[in-house]
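> File name input.txt; file contents compact mmCIF, C-alpha atoms and all ligand atoms; full text below.
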# COMPACT_ATOMS: atom_id res chain seq x y z
CA MET A 1 76.75 100.80 87.43
CA ASN A 2 80.20 100.66 85.86
CA ASN A 3 82.15 102.71 88.39
CA GLN A 4 84.73 100.22 89.72
CA HIS A 5 85.36 102.32 92.83
CA ILE A 6 81.68 102.16 93.77
CA LYS A 7 81.61 98.42 93.15
CA ASN A 8 84.62 97.95 95.45
CA ILE A 9 83.03 100.11 98.15
CA LEU A 10 79.67 98.29 97.91
CA LYS A 11 81.56 95.05 98.50
CA LYS A 12 83.22 96.48 101.64
CA MET A 13 79.81 97.77 102.82
CA ASP A 14 78.22 94.38 102.24
CA GLU A 15 80.85 92.64 104.39
CA LYS A 16 79.72 94.83 107.32
CA ASP A 17 75.99 94.87 106.50
CA TYR A 18 75.74 98.58 105.73
CA ASP A 19 72.72 99.76 103.72
CA GLY A 20 74.36 103.04 102.76
CA TYR A 21 77.55 105.08 103.02
CA LEU A 22 77.11 108.84 103.43
CA LEU A 23 79.88 111.06 102.04
CA GLY A 24 80.20 114.78 102.74
CA GLN A 25 83.90 115.26 102.02
CA PHE A 26 84.09 117.12 98.67
CA THR A 27 87.17 115.26 97.43
CA ASN A 28 85.54 111.90 98.17
CA ILE A 29 82.41 112.92 96.26
CA ALA A 30 84.59 114.17 93.38
CA TYR A 31 86.60 110.94 93.40
CA ILE A 32 83.61 108.69 92.85
CA SER A 33 81.36 110.97 90.75
CA ASN A 34 83.60 113.49 88.94
CA TYR A 35 81.41 116.28 90.40
CA PHE A 36 83.32 118.66 92.69
CA PRO A 37 80.83 120.36 95.06
CA THR A 38 81.27 124.08 95.72
CA SER A 39 79.03 124.61 98.77
CA PHE A 40 77.71 121.45 100.35
CA ALA A 41 76.61 118.06 99.10
CA PHE A 42 75.97 114.58 100.40
CA CYS A 43 76.47 111.43 98.42
CA ILE A 44 74.84 108.25 99.56
CA ILE A 45 76.48 105.15 98.16
CA LYS A 46 74.04 102.26 97.79
CA GLU A 47 72.97 100.05 94.90
CA ASP A 48 71.67 103.20 93.12
CA PRO A 49 73.83 106.00 94.54
CA ILE A 50 72.44 109.54 94.78
CA ILE A 51 74.04 112.92 95.34
CA PHE A 52 71.99 115.52 97.22
CA THR A 53 73.26 118.98 96.44
CA SER A 54 72.34 122.63 96.86
CA LYS A 55 70.25 124.47 94.28
CA MET A 56 73.14 126.67 93.24
CA ASP A 57 75.24 123.64 92.33
CA MET A 58 72.55 121.70 90.44
CA GLU A 59 73.61 122.71 86.93
CA ASN A 60 77.28 122.02 87.56
CA ALA A 61 76.46 118.70 89.26
CA LYS A 62 74.15 117.51 86.45
CA ASN A 63 76.80 118.33 83.85
CA SER A 64 79.71 116.64 85.55
CA SER A 65 78.40 113.85 87.79
CA SER A 66 78.30 110.19 86.83
CA ILE A 67 75.87 109.68 89.75
CA ASP A 68 72.20 110.77 89.85
CA ILE A 69 71.60 114.22 91.34
CA VAL A 70 68.75 115.31 93.60
CA GLU A 71 68.30 118.80 95.04
CA PHE A 72 68.88 118.89 98.80
CA GLU A 73 65.89 120.50 100.48
CA SER A 74 66.18 119.49 104.12
CA PHE A 75 67.58 116.76 106.31
CA SER A 76 64.09 115.52 107.10
CA LYS A 77 63.34 115.08 103.37
CA MET A 78 66.68 113.39 102.73
CA ASN A 79 66.24 111.10 105.72
CA GLU A 80 62.65 110.23 104.72
CA LEU A 81 63.74 109.32 101.20
CA LEU A 82 66.50 107.06 102.52
CA LYS A 83 64.19 105.43 105.08
CA SER A 84 61.62 104.76 102.34
CA GLU A 85 64.33 102.67 100.66
CA ASN A 86 64.81 100.65 103.87
CA ILE A 87 68.18 102.18 104.62
CA SER A 88 68.88 101.95 108.32
CA LYS A 89 72.55 101.10 108.93
CA ILE A 90 74.75 103.85 107.48
CA ALA A 91 78.51 104.31 107.39
CA ILE A 92 79.77 107.89 107.76
CA GLU A 93 83.17 109.49 107.27
CA PRO A 94 85.32 110.43 110.27
CA SER A 95 85.32 114.04 108.99
CA LEU A 96 81.51 114.39 109.24
CA ASP A 97 80.74 117.34 111.49
CA ILE A 98 78.84 116.86 114.72
CA ALA A 99 75.95 119.14 113.61
CA THR A 100 75.27 116.85 110.61
CA TYR A 101 75.71 113.76 112.77
CA LYS A 102 72.97 115.03 115.07
CA LYS A 103 70.59 115.43 112.12
CA LEU A 104 71.07 111.74 111.27
CA GLN A 105 71.43 109.99 114.60
CA ASN A 106 67.74 109.60 115.43
CA ASP A 107 66.88 108.09 112.06
CA PHE A 108 69.83 105.78 111.39
CA ASN A 109 72.27 103.41 113.00
CA LEU A 110 75.64 105.12 112.30
CA ASP A 111 79.25 104.03 112.37
CA ILE A 112 82.51 105.49 111.03
CA GLU A 113 84.31 103.95 108.03
CA THR A 114 87.06 105.10 105.65
CA PHE A 115 86.16 102.98 102.61
CA VAL A 116 86.61 105.80 100.07
CA ASN A 117 89.83 107.07 101.62
CA ASN A 118 91.18 103.52 101.50
CA GLU A 119 90.14 103.21 97.85
CA ARG A 120 92.02 106.46 97.13
CA MET A 121 95.33 105.08 98.43
CA ILE A 122 96.17 103.40 95.11
CA LYS A 123 96.35 105.88 92.25
CA SER A 124 95.25 105.15 88.69
CA LYS A 125 97.43 105.94 85.67
CA GLU A 126 95.38 109.11 85.03
CA GLU A 127 95.78 110.26 88.61
CA ILE A 128 99.54 109.71 88.51
CA LEU A 129 99.77 111.67 85.25
CA LYS A 130 97.94 114.61 86.87
CA ILE A 131 100.17 114.55 89.97
CA THR A 132 103.23 114.39 87.72
CA LYS A 133 102.01 117.34 85.67
CA ALA A 134 101.31 119.31 88.89
CA ALA A 135 104.88 118.57 90.05
CA GLU A 136 106.31 119.58 86.66
CA ILE A 137 104.52 122.95 86.86
CA ALA A 138 105.61 123.54 90.46
CA GLN A 139 109.23 122.59 89.87
CA LYS A 140 109.58 124.61 86.65
CA SER A 141 108.11 127.64 88.45
CA PHE A 142 110.50 127.26 91.39
CA LYS A 143 113.49 127.18 89.03
CA GLN A 144 112.22 130.30 87.23
CA LEU A 145 111.74 132.12 90.52
CA ASP A 146 115.57 132.19 90.76
CA ILE A 147 115.64 132.90 94.49
CA LEU A 148 119.38 133.49 94.71
CA ASN A 149 119.11 136.50 92.39
CA ASN A 150 116.04 137.85 94.20
CA LYS A 151 117.18 137.87 97.81
CA ASN A 152 116.28 141.55 98.16
CA LYS A 153 112.60 140.53 97.95
CA THR A 154 110.47 139.48 100.93
CA GLU A 155 109.03 136.07 101.86
CA ALA A 156 105.54 137.36 101.02
CA GLU A 157 106.60 138.79 97.63
CA LEU A 158 108.39 135.61 96.61
CA SER A 159 105.57 133.30 97.68
CA TYR A 160 103.16 135.48 95.66
CA GLU A 161 105.48 135.37 92.63
CA LEU A 162 105.83 131.60 92.91
CA GLY A 163 102.02 131.25 92.95
CA LYS A 164 101.78 133.53 89.92
CA LEU A 165 104.37 131.51 88.00
CA MET A 166 102.54 128.26 88.80
CA ARG A 167 99.27 129.67 87.46
CA PHE A 168 101.07 131.01 84.39
CA HIS A 169 102.33 127.47 83.72
CA GLY A 170 98.84 125.95 84.00
CA ALA A 171 98.13 125.36 87.70
CA GLN A 172 94.56 125.86 88.96
CA LYS A 173 96.06 127.26 92.14
CA GLU A 174 98.57 126.36 94.87
CA SER A 175 97.97 122.94 96.40
CA PHE A 176 98.32 124.59 99.87
CA ASP A 177 99.51 127.95 101.24
CA THR A 178 103.14 128.28 100.17
CA ILE A 179 105.65 128.27 103.03
CA PHE A 180 108.54 130.70 102.59
CA ALA A 181 110.49 130.79 105.85
CA THR A 182 113.75 132.65 106.15
CA GLY A 183 116.37 132.67 108.91
CA LYS A 184 115.06 131.76 112.38
CA LYS A 185 111.51 131.42 111.08
CA SER A 186 112.50 128.24 109.26
CA SER A 187 112.41 126.36 112.59
CA LEU A 188 108.59 126.58 112.34
CA PRO A 189 107.54 123.79 109.95
CA HIS A 190 104.35 125.64 108.92
CA SER A 191 105.65 129.23 108.99
CA ILE A 192 103.52 131.91 107.27
CA PRO A 193 105.27 134.24 104.75
CA GLN A 194 105.77 137.81 105.98
CA ASN A 195 107.08 141.05 104.57
CA ILE A 196 110.66 140.42 105.62
CA PRO A 197 113.61 140.16 103.19
CA LEU A 198 115.41 136.85 102.78
CA GLU A 199 118.35 135.92 104.93
CA ASP A 200 120.95 133.39 103.87
CA LEU A 201 118.89 130.32 104.84
CA THR A 202 115.40 129.98 103.39
CA LEU A 203 113.01 127.02 103.53
CA VAL A 204 110.40 126.81 100.75
CA ASP A 205 107.53 124.28 100.77
CA TRP A 206 105.18 124.59 97.83
CA GLY A 207 103.00 122.75 95.35
CA ALA A 208 100.69 123.21 92.39
CA LYS A 209 97.22 121.85 91.80
CA PHE A 210 96.51 120.53 88.29
CA GLU A 211 93.05 119.23 87.33
CA GLY A 212 92.32 118.72 91.02
CA TYR A 213 95.58 116.91 91.86
CA CYS A 214 98.30 118.21 94.17
CA SER A 215 102.09 118.26 94.13
CA ASP A 216 104.36 118.85 97.14
CA ASN A 217 108.07 119.69 97.42
CA SER A 218 110.34 121.41 99.93
CA ARG A 219 113.82 122.79 99.41
CA THR A 220 116.04 124.61 101.88
CA ILE A 221 118.64 127.06 100.61
CA ILE A 222 121.66 127.01 102.89
CA SER A 223 124.97 128.78 103.16
CA SER A 224 126.88 128.40 106.49
CA GLU A 225 128.95 125.41 107.60
CA LYS A 226 126.56 124.55 110.47
CA GLU A 227 123.61 124.71 108.07
CA ASN A 228 125.48 122.45 105.69
CA GLU A 229 126.19 119.93 108.45
CA ILE A 230 122.47 119.67 109.31
CA PHE A 231 121.52 119.69 105.63
CA GLU A 232 123.72 116.63 104.99
CA ILE A 233 122.01 114.70 107.81
CA VAL A 234 118.53 115.53 106.49
CA LEU A 235 119.63 114.65 102.95
CA GLU A 236 120.99 111.29 104.12
CA ALA A 237 117.67 110.54 105.90
CA HIS A 238 115.72 111.63 102.78
CA ASN A 239 117.82 109.59 100.33
CA LYS A 240 118.02 106.42 102.44
CA ALA A 241 114.29 106.50 103.25
CA ILE A 242 113.49 106.73 99.52
CA LYS A 243 115.92 103.92 98.75
CA ALA A 244 114.26 101.72 101.39
CA ILE A 245 110.77 102.03 99.86
CA LYS A 246 109.49 98.70 98.57
CA PRO A 247 106.01 97.22 98.15
CA GLY A 248 105.32 94.78 100.98
CA LEU A 249 107.06 96.79 103.71
CA LYS A 250 105.06 98.75 106.27
CA CYS A 251 104.82 102.55 106.02
CA SER A 252 106.26 102.75 109.55
CA ASP A 253 109.40 100.92 108.32
CA ILE A 254 110.20 103.89 106.06
CA ASP A 255 109.62 106.39 108.85
CA LYS A 256 112.02 104.35 111.00
CA VAL A 257 114.80 104.54 108.38
CA ALA A 258 114.67 108.36 108.32
CA ARG A 259 114.09 108.73 112.08
CA ASP A 260 116.93 106.37 113.06
CA ILE A 261 119.44 108.31 110.93
CA ILE A 262 118.41 111.66 112.42
CA SER A 263 118.38 110.15 115.94
CA ASP A 264 121.86 108.62 115.49
CA TYR A 265 123.24 112.10 114.80
CA GLY A 266 121.63 113.31 118.05
CA TYR A 267 118.65 115.19 116.60
CA LYS A 268 115.81 112.82 117.56
CA ASP A 269 113.83 115.54 119.35
CA ASN A 270 114.28 117.99 116.48
CA PHE A 271 112.45 115.83 113.91
CA ILE A 272 108.99 116.89 114.98
CA HIS A 273 106.71 115.46 112.29
CA SER A 274 106.13 112.31 110.25
CA THR A 275 108.46 111.36 107.41
CA GLY A 276 105.74 111.70 104.77
CA HIS A 277 102.10 111.71 103.69
CA SER A 278 100.18 110.56 100.65
CA LEU A 279 98.66 113.12 98.33
CA GLY A 280 96.19 113.25 95.46
CA LEU A 281 92.97 115.26 95.37
CA ASP A 282 93.95 116.36 98.90
CA ILE A 283 97.38 117.51 99.95
CA HIS A 284 97.29 115.17 102.96
CA GLU A 285 95.91 111.69 102.38
CA SER A 286 96.48 108.21 103.82
CA PRO A 287 98.71 106.32 104.30
CA ASN A 288 101.55 108.17 106.04
CA PHE A 289 105.20 107.32 106.56
CA SER A 290 104.81 107.70 110.32
CA THR A 291 105.71 105.74 113.43
CA LYS A 292 102.04 104.74 113.88
CA ASP A 293 101.03 103.76 110.35
CA ASP A 294 101.51 100.05 109.65
CA THR A 295 99.72 100.13 106.27
CA ILE A 296 101.47 97.83 103.80
CA ILE A 297 103.15 99.76 100.98
CA GLU A 298 101.68 98.95 97.57
CA LYS A 299 102.50 99.82 93.98
CA ASP A 300 100.97 103.08 92.74
CA MET A 301 100.78 104.71 96.12
CA VAL A 302 102.11 108.30 95.97
CA ILE A 303 103.73 109.41 99.23
CA THR A 304 106.09 112.25 100.18
CA VAL A 305 109.41 111.80 101.95
CA GLU A 306 110.17 114.97 103.91
CA PRO A 307 112.46 114.58 106.90
CA GLY A 308 113.44 117.76 108.73
CA ILE A 309 115.54 119.02 111.63
CA TYR A 310 114.25 122.11 113.48
CA LEU A 311 116.58 123.99 115.85
CA GLU A 312 114.49 126.44 117.85
CA ASP A 313 115.69 130.05 117.58
CA GLU A 314 118.33 129.01 115.01
CA PHE A 315 116.98 127.49 111.80
CA GLY A 316 115.17 124.52 110.29
CA ILE A 317 115.93 122.33 107.30
CA ARG A 318 113.46 120.14 105.40
CA ILE A 319 113.93 118.33 102.11
CA GLU A 320 110.82 116.94 100.45
CA ASP A 321 110.14 114.95 97.34
CA THR A 322 107.03 113.08 96.26
CA ILE A 323 107.49 109.42 95.50
CA HIS A 324 105.57 107.23 93.06
CA ILE A 325 105.89 103.69 94.37
CA GLN A 326 106.66 101.14 91.70
CA ASN A 327 108.94 98.11 92.29
CA LYS A 328 110.88 100.71 94.24
CA GLY A 329 110.40 104.38 95.09
CA LYS A 330 110.67 106.76 92.14
CA ILE A 331 110.99 110.51 92.76
CA ILE A 332 108.45 112.53 90.73
CA GLY A 333 110.30 115.21 88.75
CA ASN A 334 113.88 116.33 89.12
CA LEU A 335 114.63 119.23 91.34
CA GLU A 336 118.18 120.05 92.39
CA HIS A 337 119.22 121.43 95.77
CA ILE A 338 120.40 125.04 96.06
CA ILE A 339 123.56 125.95 97.92
CA ASP A 340 124.15 129.72 98.19
N1 LIG B 401 103.56 120.67 102.40
C1 LIG B 401 102.94 120.94 103.63
C2 LIG B 401 102.87 119.74 104.48
O1 LIG B 401 103.12 118.65 104.04
O2 LIG B 401 102.50 119.86 105.64
MN MN B 402 104.38 117.63 102.49
Would you mind giving the structure from this file in structure tokens?


Amino acid sequence: MNNQHIKNILKKMDEKDYDGYLLGQFTNIAYISNYFPTSFAFCIIKEDPIIFTSKMDMENAKNSSSIDIVEFESFSKMNELLKSENISKIAIEPSLDIATYKKLQNDFNLDIETFVNNERMIKSKEEILKITKAAEIAQKSFKQLDILNNKNKTEAELSYELGKLMRFHGAQKESFDTIFATGKKSSLPHSIPQNIPLEDLTLVDWGAKFEGYCSDNSRTIISSEKENEIFEIVLEAHNKAIKAIKPGLKCSDIDKVARDIISDYGYKDNFIHSTGHSLGLDIHESPNFSTKDDTIIEKDMVITVEPGIYLEDEFGIRIEDTIHIQNKGKIIGNLEHIID
């Protein structure tokens, strides 16, 4: 077994006397095996890990997985096989659904652990290259979209065109549903694009997926004086939070930098989400720049910084970049701001 991730996880399991660790989250299975399930699969990490997968995925799994593959026939067969190997204490992921939990609970002693998610916090060189390439595709596409010369188009048309450009430049797909929010709709952080033409202020939050890895950026196009005033506050929070990033600090320290600036200007209650999240195979990973996350920042974490101010019934402004943490925080890519 030469998979370093599995070796690290086995060590963590050993410290807590687990006989196995059952994974059902596709991105966790992909992370440790290189096989990306398409319907359902379970991976059991133990001395000789196995992936149980559906018949329709067998060929794909056998061709791509570094871990042995067995066809999943039923829970009773899977459980019997594991019991025959004296597996009784099993770690499960917090995302495991209750229906699956019920199929396991009578046969095993179960507890929740996040060993794989913790392992995923520090990105390898290859992972960082893929995230950087995803960001390059997304940023180049955004520039080509040339929003200021296409303001007669609708949110829905422009989000479609941005997706098309990203695929043209080599993206597998969007890393999440693109947010194109114009005028008052921009005060909803997760607004859904509609068939309405752009107004002067538009918030765009988008990303590309490249070889499984996500990028994430937000830009807000502004024009009025009031919009500019709020924009400058968000930009100050964004820039100072990035400047504050340093290995050894806590993630919550970075959230505090951004939140204190926005609060000092009187907009504490209008910053309604965390300052940032990690990304990789998933668009939202751990750790987060949030008030509650005291994870120590380490080199080669990749975390967004995306402060925002949302004024209900008026407008919202968010500025987001993705940061590769080295001796300090380095923004991935180079994307200017757009003032109309
Ligand atoms: N980019 C979407 C989000 O971070 O929620
Ligand atoms: Mn984000």

> Tell me which of A:Gln326, A:Pro307, A:Asp255, A:Glu199 sits closest to Thr291 of chain A, counting all atoms listed in the file.

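When distances to Thr291 of chain A are compared using all atoms listed in the file, the smallest one comes from A:Asp255.
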
> What is the distance between atom CA of His190 of chain A and atom CA of Glu285 of chain A, in Å to one decimal?

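Atom CA of Glu285 of chain A lies at a distance of 17.6 Å from atom CA of His190 of chain A.
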
> Quick one: distance from atom CA of Ser66 of chain A to atom CA of Ser33 of chain A in Å, one decimal?

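Pair atom CA of Ser66 of chain A / atom CA of Ser33 of chain A returns 5.0 Å.
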
> Tell me which of A:Lys226, A:Lys55, A:Lys103, A:Lys330 sits closest to Ile317 of chain A, counting all atoms listed in the file.

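Distance minimum relative to Ile317 of chain A lands on A:Lys226.
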
> Out of A:His277, A:Lys133, A:Lys89, A:Lys184, which residue has the shortest atom-to-atom distance to Lys46 of chain A when counting only C-alpha atoms?

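Answer, going by the shortest atom-to-atom distance: A:Lys89.
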
> Can you pull out the residues contacting segment 235-244 of chain A? Cut-off 9 Å, using only C-alpha atoms, and skip same-chain residues under 3 positions away; I want them as a PDB file with C-alpha atoms, in the coordinates of the input.


ATOM      1  CA  ILE A 230     122.470 119.670 109.310  1.00  0.00           C
ATOM      2  CA  PHE A 231     121.520 119.690 105.630  1.00  0.00           C
ATOM      3  CA  GLU A 232     123.720 116.630 104.990  1.00  0.00           C
ATOM      4  CA  ASP A 253     109.400 100.920 108.320  1.00  0.00           C
ATOM      5  CA  ILE A 254     110.200 103.890 106.060  1.00  0.00           C
ATOM      6  CA  ASP A 255     109.620 106.390 108.850  1.00  0.00           C
ATOM      7  CA  LYS A 256     112.020 104.350 111.000  1.00  0.00           C
ATOM      8  CA  VAL A 257     114.800 104.540 108.380  1.00  0.00           C
ATOM      9  CA  ALA A 258     114.670 108.360 108.320  1.00  0.00           C
ATOM     10  CA  ARG A 259     114.090 108.730 112.080  1.00  0.00           C
ATOM     11  CA  ASP A 260     116.930 106.370 113.060  1.00  0.00           C
ATOM     12  CA  ILE A 261     119.440 108.310 110.930  1.00  0.00           C
ATOM     13  CA  ILE A 262     118.410 111.660 112.420  1.00  0.00           C
ATOM     14  CA  THR A 275     108.460 111.360 107.410  1.00  0.00           C
ATOM     15  CA  VAL A 305     109.410 111.800 101.950  1.00  0.00           C
ATOM     16  CA  GLU A 306     110.170 114.970 103.910  1.00  0.00           C
ATOM     17  CA  PRO A 307     112.460 114.580 106.900  1.00  0.00           C
ATOM     18  CA  GLY A 308     113.440 117.760 108.730  1.00  0.00           C
ATOM     19  CA  ARG A 318     113.460 120.140 105.400  1.00  0.00           C
ATOM     20  CA  ILE A 319     113.930 118.330 102.110  1.00  0.00           C
ATOM     21  CA  GLU A 320     110.820 116.940 100.450  1.00  0.00           C
ATOM     22  CA  ASP A 321     110.140 114.950  97.340  1.00  0.00           C
ATOM     23  CA  ILE A 323     107.490 109.420  95.500  1.00  0.00           C
ATOM     24  CA  LYS A 328     110.880 100.710  94.240  1.00  0.00           C
ATOM     25  CA  GLY A 329     110.400 104.380  95.090  1.00  0.00           C
ATOM     26  CA  LYS A 330     110.670 106.760  92.140  1.00  0.00           C
ATOM     27  CA  ILE A 331     110.990 110.510  92.760  1.00  0.00           C
TER      28      ILE A 331
END

> Taking all atoms listed in the file into account, list the residues no farther than 12 Å from ligand LIG 401 (chain B), as JSON, numbers by chain.

{"A": [174, 175, 176, 177, 178, 179, 180, 188, 189, 190, 191, 192, 203, 204, 205, 206, 207, 208, 214, 215, 216, 217, 218, 219, 272, 273, 274, 275, 276, 277, 278, 279, 282, 283, 284, 285, 288, 289, 303, 304, 305, 306, 307, 308, 318, 319, 320, 321, 322]}

> Up to 12 Å from (71.0, 105.6, 115.3) in the file's coordinates: name the residues, counting all atoms listed in the file, as a list in words.

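In the file's frame, the residues around the point are Ile87, Ser88, Lys89, Ile90, Ala91, Ile92, Tyr101, Lys102, Lys103, Leu104, Gln105, Asn106, Asp107, Phe108, Asn109, Leu110 and Asp111 of chain A.
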
> Can you work out which one of A:Pro37, A:Gly183, A:Gly170, A:Gly333 has the shortest atom-to-atom distance to Ser223 of chain A, counting all atoms listed in the file?

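Comparing A:Pro37, A:Gly183, A:Gly170, A:Gly333 against Ser223 of chain A, the winner is A:Gly183.
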
> How many Å separate atom CA of Ile332 of chain A from atom CA of Ile309 of chain A?

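So the answer is 23.0 Å.
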
> Which residue, A:Asn270, A:Asn327, A:Thr202, A:Ser65, has the smallest gap to Thr220 of chain A when you use only C-alpha atoms?

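When distances to Thr220 of chain A are compared using only C-alpha atoms, the smallest one comes from A:Thr202.
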